[in-house]
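Listing of structure.pdb; format and content: PDB, C-alpha atoms.
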ATOM      1  CA  MET A   1    -130.265 -69.897 -86.545  1.00  0.00           C
ATOM      2  CA  THR A   2    -128.579 -67.815 -89.217  1.00  0.00           C
ATOM      3  CA  GLU A   3    -128.046 -64.090 -88.940  1.00  0.00           C
ATOM      4  CA  PHE A   4    -130.761 -63.455 -91.523  1.00  0.00           C
ATOM      5  CA  GLU A   5    -133.282 -65.707 -89.757  1.00  0.00           C
ATOM      6  CA  TYR A   6    -132.675 -63.833 -86.517  1.00  0.00           C
ATOM      7  CA  PHE A   7    -132.957 -60.523 -88.316  1.00  0.00           C
ATOM      8  CA  SER A   8    -136.143 -61.477 -90.175  1.00  0.00           C
ATOM      9  CA  ALA A   9    -137.971 -62.537 -86.997  1.00  0.00           C
ATOM     10  CA  MET A  10    -138.791 -58.908 -86.142  1.00  0.00           C
ATOM     11  CA  ILE A  11    -140.048 -58.254 -89.661  1.00  0.00           C
ATOM     12  CA  ALA A  12    -142.205 -61.393 -89.489  1.00  0.00           C
ATOM     13  CA  VAL A  13    -143.725 -60.222 -86.196  1.00  0.00           C
ATOM     14  CA  ILE A  14    -144.623 -56.796 -87.605  1.00  0.00           C
ATOM     15  CA  LEU A  15    -146.128 -58.320 -90.749  1.00  0.00           C
ATOM     16  CA  ALA A  16    -148.024 -60.905 -88.683  1.00  0.00           C
ATOM     17  CA  LEU A  17    -149.549 -58.128 -86.580  1.00  0.00           C
ATOM     18  CA  GLY A  18    -150.868 -56.466 -89.739  1.00  0.00           C
ATOM     19  CA  VAL A  19    -152.295 -59.738 -91.058  1.00  0.00           C
ATOM     20  CA  THR A  20    -153.904 -60.442 -87.683  1.00  0.00           C
ATOM     21  CA  HIS A  21    -155.493 -56.998 -87.615  1.00  0.00           C
ATOM     22  CA  ILE A  22    -157.001 -57.444 -91.080  1.00  0.00           C
ATOM     23  CA  LEU A  23    -158.231 -60.977 -90.389  1.00  0.00           C
ATOM     24  CA  ARG A  24    -159.839 -59.827 -87.145  1.00  0.00           C
ATOM     25  CA  TYR A  25    -161.753 -57.191 -89.116  1.00  0.00           C
ATOM     26  CA  VAL A  26    -162.796 -59.663 -91.826  1.00  0.00           C
ATOM     27  CA  SER A  27    -164.103 -62.110 -89.226  1.00  0.00           C
ATOM     28  CA  HIS A  28    -165.991 -59.283 -87.466  1.00  0.00           C
ATOM     29  CA  VAL A  29    -167.673 -58.303 -90.747  1.00  0.00           C
ATOM     30  CA  ALA A  30    -168.520 -61.937 -91.506  1.00  0.00           C
ATOM     31  CA  LEU A  31    -170.069 -62.447 -88.066  1.00  0.00           C
ATOM     32  CA  ASN A  32    -171.925 -59.098 -88.049  1.00  0.00           C
ATOM     33  CA  PRO A  33    -173.029 -58.474 -91.648  1.00  0.00           C
ATOM     34  CA  GLY A  34    -175.868 -56.128 -90.669  1.00  0.00           C
ATOM     35  CA  LEU A  35    -173.551 -53.811 -88.751  1.00  0.00           C
ATOM     36  CA  VAL A  36    -171.351 -52.898 -91.705  1.00  0.00           C
ATOM     37  CA  ILE A  37    -172.303 -50.786 -94.719  1.00  0.00           C
ATOM     38  CA  ARG A  38    -169.797 -52.119 -97.246  1.00  0.00           C
ATOM     39  CA  TYR A  39    -168.033 -50.049 -99.884  1.00  0.00           C
ATOM     40  CA  TRP A  40    -166.328 -52.229-102.505  1.00  0.00           C
ATOM     41  CA  VAL A  41    -163.338 -49.909-102.930  1.00  0.00           C
ATOM     42  CA  HIS A  42    -162.614 -50.151 -99.213  1.00  0.00           C
ATOM     43  CA  SER A  43    -162.988 -53.946 -99.329  1.00  0.00           C
ATOM     44  CA  ALA A  44    -160.616 -54.099-102.309  1.00  0.00           C
ATOM     45  CA  TRP A  45    -157.948 -52.118-100.456  1.00  0.00           C
ATOM     46  CA  VAL A  46    -158.314 -54.295 -97.356  1.00  0.00           C
ATOM     47  CA  LEU A  47    -157.664 -57.335 -99.554  1.00  0.00           C
ATOM     48  CA  LEU A  48    -154.789 -55.629-101.409  1.00  0.00           C
ATOM     49  CA  VAL A  49    -153.099 -54.631 -98.148  1.00  0.00           C
ATOM     50  CA  LEU A  50    -153.444 -58.212 -96.905  1.00  0.00           C
ATOM     51  CA  LEU A  51    -151.824 -59.474-100.122  1.00  0.00           C
ATOM     52  CA  ALA A  52    -149.083 -56.848 -99.749  1.00  0.00           C
ATOM     53  CA  HIS A  53    -148.260 -58.269 -96.306  1.00  0.00           C
ATOM     54  CA  PHE A  54    -147.790 -61.729 -97.798  1.00  0.00           C
ATOM     55  CA  ALA A  55    -145.768 -60.390-100.734  1.00  0.00           C
ATOM     56  CA  ALA A  56    -143.523 -58.359 -98.423  1.00  0.00           C
ATOM     57  CA  TRP A  57    -142.724 -61.392 -96.308  1.00  0.00           C
ATOM     58  CA  TRP A  58    -142.041 -63.499 -99.398  1.00  0.00           C
ATOM     59  CA  ASN A  59    -139.807 -60.896-101.026  1.00  0.00           C
ATOM     60  CA  ILE A  60    -137.839 -60.170 -97.857  1.00  0.00           C
ATOM     61  CA  TRP A  61    -137.047 -63.853 -97.500  1.00  0.00           C
ATOM     62  CA  GLU A  62    -135.564 -63.835-101.006  1.00  0.00           C
ATOM     63  CA  LEU A  63    -133.105 -61.108 -99.951  1.00  0.00           C
ATOM     64  CA  GLY A  64    -131.581 -63.176 -97.161  1.00  0.00           C
ATOM     65  CA  ASP A  65    -128.279 -63.991 -98.805  1.00  0.00           C
ATOM     66  CA  ASP A  66    -127.766 -60.527-100.274  1.00  0.00           C
ATOM     67  CA  LEU A  67    -128.001 -58.310 -97.207  1.00  0.00           C
ATOM     68  CA  ARG A  68    -124.936 -56.988 -95.468  1.00  0.00           C
ATOM     69  CA  PHE A  69    -126.095 -56.746 -91.882  1.00  0.00           C
ATOM     70  CA  SER A  70    -125.733 -53.668 -89.724  1.00  0.00           C
ATOM     71  CA  LEU A  71    -128.011 -51.715 -87.421  1.00  0.00           C
ATOM     72  CA  TYR A  72    -128.783 -49.268 -90.228  1.00  0.00           C
ATOM     73  CA  VAL A  73    -129.758 -52.033 -92.670  1.00  0.00           C
ATOM     74  CA  PHE A  74    -131.945 -53.566 -89.955  1.00  0.00           C
ATOM     75  CA  LEU A  75    -133.668 -50.240 -89.230  1.00  0.00           C
ATOM     76  CA  TYR A  76    -134.138 -49.585 -92.938  1.00  0.00           C
ATOM     77  CA  MET A  77    -135.607 -53.058 -93.428  1.00  0.00           C
ATOM     78  CA  LEU A  78    -138.220 -52.266 -90.762  1.00  0.00           C
ATOM     79  CA  ILE A  79    -139.538 -49.190 -92.613  1.00  0.00           C
ATOM     80  CA  GLY A  80    -141.550 -51.146 -95.186  1.00  0.00           C
ATOM     81  CA  PRO A  81    -143.220 -53.576 -92.773  1.00  0.00           C
ATOM     82  CA  ILE A  82    -144.004 -50.752 -90.339  1.00  0.00           C
ATOM     83  CA  ALA A  83    -145.545 -48.611 -93.110  1.00  0.00           C
ATOM     84  CA  LEU A  84    -147.620 -51.593 -94.246  1.00  0.00           C
ATOM     85  CA  PHE A  85    -148.754 -52.386 -90.697  1.00  0.00           C
ATOM     86  CA  LEU A  86    -149.800 -48.768 -90.166  1.00  0.00           C
ATOM     87  CA  ALA A  87    -151.666 -48.807 -93.492  1.00  0.00           C
ATOM     88  CA  ALA A  88    -153.522 -51.925 -92.314  1.00  0.00           C
ATOM     89  CA  ARG A  89    -154.403 -50.196 -89.039  1.00  0.00           C
ATOM     90  CA  LEU A  90    -155.752 -47.200 -90.938  1.00  0.00           C
ATOM     91  CA  ILE A  91    -157.769 -48.989 -93.616  1.00  0.00           C
ATOM     92  CA  VAL A  92    -159.510 -51.212 -91.065  1.00  0.00           C
ATOM     93  CA  PRO A  93    -162.093 -49.159 -89.197  1.00  0.00           C
ATOM     94  CA  PRO A  94    -162.410 -49.422 -85.413  1.00  0.00           C
ATOM     95  CA  LEU A  95    -164.625 -52.338 -84.496  1.00  0.00           C
ATOM     96  CA  HIS A  96    -166.170 -50.515 -81.561  1.00  0.00           C
ATOM     97  CA  GLY A  97    -168.164 -47.323 -81.686  1.00  0.00           C
ATOM     98  CA  PRO A  98    -171.306 -46.576 -83.679  1.00  0.00           C
ATOM     99  CA  ALA A  99    -173.933 -49.276 -84.058  1.00  0.00           C
ATOM    100  CA  GLN A 100    -173.415 -49.301 -87.812  1.00  0.00           C
ATOM    101  CA  LEU A 101    -170.073 -48.955 -89.559  1.00  0.00           C
ATOM    102  CA  ASP A 102    -169.941 -47.109 -92.894  1.00  0.00           C
ATOM    103  CA  THR A 103    -166.745 -48.210 -94.630  1.00  0.00           C
ATOM    104  CA  GLU A 104    -167.051 -45.559 -97.356  1.00  0.00           C
ATOM    105  CA  THR A 105    -167.038 -42.738 -94.802  1.00  0.00           C
ATOM    106  CA  HIS A 106    -164.133 -44.364 -92.978  1.00  0.00           C
ATOM    107  CA  TYR A 107    -162.174 -44.903 -96.207  1.00  0.00           C
ATOM    108  CA  TYR A 108    -162.321 -41.260 -97.254  1.00  0.00           C
ATOM    109  CA  SER A 109    -161.586 -40.049 -93.733  1.00  0.00           C
ATOM    110  CA  VAL A 110    -158.215 -41.885 -93.741  1.00  0.00           C
ATOM    111  CA  HIS A 111    -157.356 -42.026 -97.447  1.00  0.00           C
ATOM    112  CA  ARG A 112    -154.630 -39.359 -97.421  1.00  0.00           C
ATOM    113  CA  LEU A 113    -152.514 -40.947 -94.705  1.00  0.00           C
ATOM    114  CA  PHE A 114    -153.345 -44.460 -95.922  1.00  0.00           C
ATOM    115  CA  PHE A 115    -152.043 -43.740 -99.423  1.00  0.00           C
ATOM    116  CA  ALA A 116    -149.017 -41.865 -98.044  1.00  0.00           C
ATOM    117  CA  LEU A 117    -148.095 -45.013 -96.096  1.00  0.00           C
ATOM    118  CA  LEU A 118    -148.675 -47.190 -99.159  1.00  0.00           C
ATOM    119  CA  GLY A 119    -146.460 -44.819-101.132  1.00  0.00           C
ATOM    120  CA  ALA A 120    -143.692 -45.223 -98.552  1.00  0.00           C
ATOM    121  CA  PHE A 121    -144.117 -48.988 -98.728  1.00  0.00           C
ATOM    122  CA  ILE A 122    -143.859 -48.931-102.535  1.00  0.00           C
ATOM    123  CA  ILE A 123    -140.755 -46.713-102.569  1.00  0.00           C
ATOM    124  CA  TRP A 124    -139.048 -48.765 -99.864  1.00  0.00           C
ATOM    125  CA  PRO A 125    -138.137 -51.885-101.919  1.00  0.00           C
ATOM    126  CA  SER A 126    -137.053 -49.733-104.852  1.00  0.00           C
ATOM    127  CA  LEU A 127    -134.522 -47.908-102.700  1.00  0.00           C
ATOM    128  CA  LEU A 128    -133.454 -51.201-101.181  1.00  0.00           C
ATOM    129  CA  GLY A 129    -132.997 -52.621-104.690  1.00  0.00           C
ATOM    130  CA  ILE A 130    -130.806 -49.696-105.654  1.00  0.00           C
ATOM    131  CA  HIS A 131    -128.726 -50.280-102.518  1.00  0.00           C
ATOM    132  CA  LEU A 132    -128.338 -54.012-103.253  1.00  0.00           C
ATOM    133  CA  GLN A 133    -127.954 -53.482-107.020  1.00  0.00           C
ATOM    134  CA  ASP A 134    -127.665 -57.176-107.941  1.00  0.00           C
ATOM    135  CA  SER A 135    -130.736 -58.505-106.116  1.00  0.00           C
ATOM    136  CA  VAL A 136    -133.560 -56.466-107.598  1.00  0.00           C
ATOM    137  CA  SER A 137    -133.948 -55.926-111.302  1.00  0.00           C
ATOM    138  CA  MET A 138    -134.436 -52.513-112.836  1.00  0.00           C
ATOM    139  CA  ALA A 139    -137.719 -53.814-114.275  1.00  0.00           C
ATOM    140  CA  GLY A 140    -138.879 -54.559-110.714  1.00  0.00           C
ATOM    141  CA  ILE A 141    -137.958 -51.058-109.600  1.00  0.00           C
ATOM    142  CA  ILE A 142    -139.819 -49.565-112.581  1.00  0.00           C
ATOM    143  CA  ARG A 143    -142.930 -51.672-111.752  1.00  0.00           C
ATOM    144  CA  HIS A 144    -142.885 -50.405-108.172  1.00  0.00           C
ATOM    145  CA  LEU A 145    -142.496 -46.815-109.260  1.00  0.00           C
ATOM    146  CA  ALA A 146    -145.286 -47.201-111.855  1.00  0.00           C
ATOM    147  CA  LEU A 147    -147.584 -48.238-109.003  1.00  0.00           C
ATOM    148  CA  LEU A 148    -146.522 -45.182-107.057  1.00  0.00           C
ATOM    149  CA  ALA A 149    -148.128 -42.670-109.456  1.00  0.00           C
ATOM    150  CA  PRO A 150    -151.765 -43.744-108.968  1.00  0.00           C
ATOM    151  CA  ILE A 151    -151.171 -44.179-105.226  1.00  0.00           C
ATOM    152  CA  VAL A 152    -149.948 -40.580-104.948  1.00  0.00           C
ATOM    153  CA  VAL A 153    -152.918 -39.357-106.994  1.00  0.00           C
ATOM    154  CA  CYS A 154    -155.293 -41.164-104.613  1.00  0.00           C
ATOM    155  CA  ALA A 155    -153.602 -39.495-101.645  1.00  0.00           C
ATOM    156  CA  PHE A 156    -154.447 -36.063-103.034  1.00  0.00           C
ATOM    157  CA  SER A 157    -157.892 -36.771-104.502  1.00  0.00           C
ATOM    158  CA  ALA A 158    -161.203 -37.832-102.987  1.00  0.00           C
ATOM    159  CA  ASN A 159    -162.764 -38.506-106.401  1.00  0.00           C
ATOM    160  CA  ARG A 160    -164.744 -41.714-105.981  1.00  0.00           C
ATOM    161  CA  ARG A 161    -164.405 -42.800-109.618  1.00  0.00           C
ATOM    162  CA  LEU A 162    -160.653 -42.308-109.490  1.00  0.00           C
ATOM    163  CA  HIS A 163    -160.369 -44.384-106.324  1.00  0.00           C
ATOM    164  CA  ALA A 164    -162.491 -47.146-107.861  1.00  0.00           C
ATOM    165  CA  PHE A 165    -160.341 -47.126-111.010  1.00  0.00           C
ATOM    166  CA  VAL A 166    -157.059 -47.234-109.056  1.00  0.00           C
ATOM    167  CA  ALA A 167    -158.299 -50.050-106.784  1.00  0.00           C
ATOM    168  CA  ALA A 168    -159.221 -52.099-109.864  1.00  0.00           C
ATOM    169  CA  LEU A 169    -155.967 -51.172-111.637  1.00  0.00           C
ATOM    170  CA  VAL A 170    -153.766 -52.160-108.692  1.00  0.00           C
ATOM    171  CA  GLY A 171    -155.733 -55.379-108.226  1.00  0.00           C
ATOM    172  CA  ILE A 172    -155.238 -56.315-111.878  1.00  0.00           C
ATOM    173  CA  ALA A 173    -151.544 -55.377-111.723  1.00  0.00           C
ATOM    174  CA  ILE A 174    -151.051 -57.659-108.732  1.00  0.00           C
ATOM    175  CA  LEU A 175    -152.870 -60.537-110.430  1.00  0.00           C
ATOM    176  CA  VAL A 176    -150.808 -60.116-113.597  1.00  0.00           C
ATOM    177  CA  ASP A 177    -147.540 -59.850-111.659  1.00  0.00           C
ATOM    178  CA  ALA A 178    -148.208 -62.939-109.552  1.00  0.00           C
TER     179      ALA A 178
END
Please re-express this file's structure in structure tokens.
Amino acid sequence: MTEFEYFSAMIAVILALGVTHILRYVSHVALNPGLVIRYWVHSAWVLLVLLAHFAAWWNIWELGDDLRFSLYVFLYMLIGPIALFLAARLIVPPLHGPAQLDTETHYYSVHRLFFALLGAFIIWPSLLGIHLQDSVSMAGIIRHLALLAPIVVCAFSANRRLHAFVAALVGIAILVDA
């Protein structure tokens, strides 16, 4: 096992926990459709956070040869996956509690912290790219920072039209970038 493979095991565990949490929620909704009042913006963000988990794992693997390992690099590398895991925990409502789950109410009750965590996740690879210099292109850093603006706006606004627009915008940006 290489040093990077050993190092990336912890990141993979954290990302897998986030994926597991989201998939558990999706299966609960599929098995109990009458118990959930669905809000499409919430559903879009659940899907986008799931995709972000996969993208994070993929992109971290690409950095393997470029990292200079130390405790500080390891701790820094955990920031992004931890922020993403916490965002997944927030966006997915508790599966126990009231008989009926209103995802719109839940979404707006957690949106500030959720978007703050997404903002941290978006800034994280940009700062890592600056540290590595050769591994991440300036265009990649600019794309990440361009995503940051609408995320920050969503953290400070509860405007439903704005949230719908940003969810659609981020979804399209991810599809185009893939």
Could you list the residues chosen by the PyMOL selection byres ((chain A and resi 106) around 10) in this structure as an MDAnalysis selection string?
chainID A and resid 39 42 90:94 101:105 107:111
A:Ile82, A:Ile11, A:Ala44, A:Leu95: which is nearest Gly171 of chain A, counting only C-alpha atoms?
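Selected residue with least distance to Gly171 of chain A: A:Ala44.
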Nearest residue to Ile172 of chain A from the set A:Leu48, A:Arg68, A:Met10, A:Leu15 (distances using only C-alpha atoms)
A:Leu48
How many Å separate atom CA of Leu118 of chain A from atom CA of Glu62 of chain A?
21.3 Å
Answer key for the PyMOL selection byres ((chain A and resi 24) around 12), residues as a PyMOL selection string:
chain A and resi 16-23+25-31+46+50+88-89+92-95
Export C-alpha atoms of the chosen residues as a short mmCIF file (atom, residue, chain, number, x, y, z; two decimals), keeping the file's coordinate frame?
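So the final result, stored in out20.cif, reads:
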data_model
loop_
_atom_site.label_atom_id
_atom_site.label_comp_id
_atom_site.auth_asym_id
_atom_site.auth_seq_id
_atom_site.Cartn_x
_atom_site.Cartn_y
_atom_site.Cartn_z
CA ALA A 16 -148.02 -60.90 -88.68
CA LEU A 17 -149.55 -58.13 -86.58
CA GLY A 18 -150.87 -56.47 -89.74
CA VAL A 19 -152.29 -59.74 -91.06
CA THR A 20 -153.90 -60.44 -87.68
CA HIS A 21 -155.49 -57.00 -87.62
CA ILE A 22 -157.00 -57.44 -91.08
CA LEU A 23 -158.23 -60.98 -90.39
CA TYR A 25 -161.75 -57.19 -89.12
CA VAL A 26 -162.80 -59.66 -91.83
CA SER A 27 -164.10 -62.11 -89.23
CA HIS A 28 -165.99 -59.28 -87.47
CA VAL A 29 -167.67 -58.30 -90.75
CA ALA A 30 -168.52 -61.94 -91.51
CA LEU A 31 -170.07 -62.45 -88.07
CA VAL A 46 -158.31 -54.30 -97.36
CA LEU A 50 -153.44 -58.21 -96.90
CA ALA A 88 -153.52 -51.92 -92.31
CA ARG A 89 -154.40 -50.20 -89.04
CA VAL A 92 -159.51 -51.21 -91.06
CA PRO A 93 -162.09 -49.16 -89.20
CA PRO A 94 -162.41 -49.42 -85.41
CA LEU A 95 -164.62 -52.34 -84.50
#
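Between Val153 of chain A and the residues A:Trp61, A:Phe69, A:Phe115, A:Phe54, the shortest atom-to-atom distance, using only C-alpha atoms, involves A:Phe115.
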Going by the chain IDs and residue numbers used in this file, which residues fall under the PyMOL selection byres ((chain A and resi 120) around 9)? Write them as a list in words.
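So the PyMOL selection byres ((chain A and resi 120) around 9) ends up selecting Ile79, Gly80, Ala83, Leu84, Phe115, Ala116, Leu117, Leu118, Gly119, Phe121, Ile122, Ile123, Trp124 and Leu148 of chain A.
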Using all atoms listed in the file, which residue out of A:Val73, A:Trp57, A:Gln100, A:Phe85 lies closest to Val36 of chain A?
A:Gln100
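Using all atoms listed in the file, the nearest neighbour of Arg112 of chain A within the list A:Val41, A:Ala168, A:Ala158, A:Ile141 is A:Ala158.
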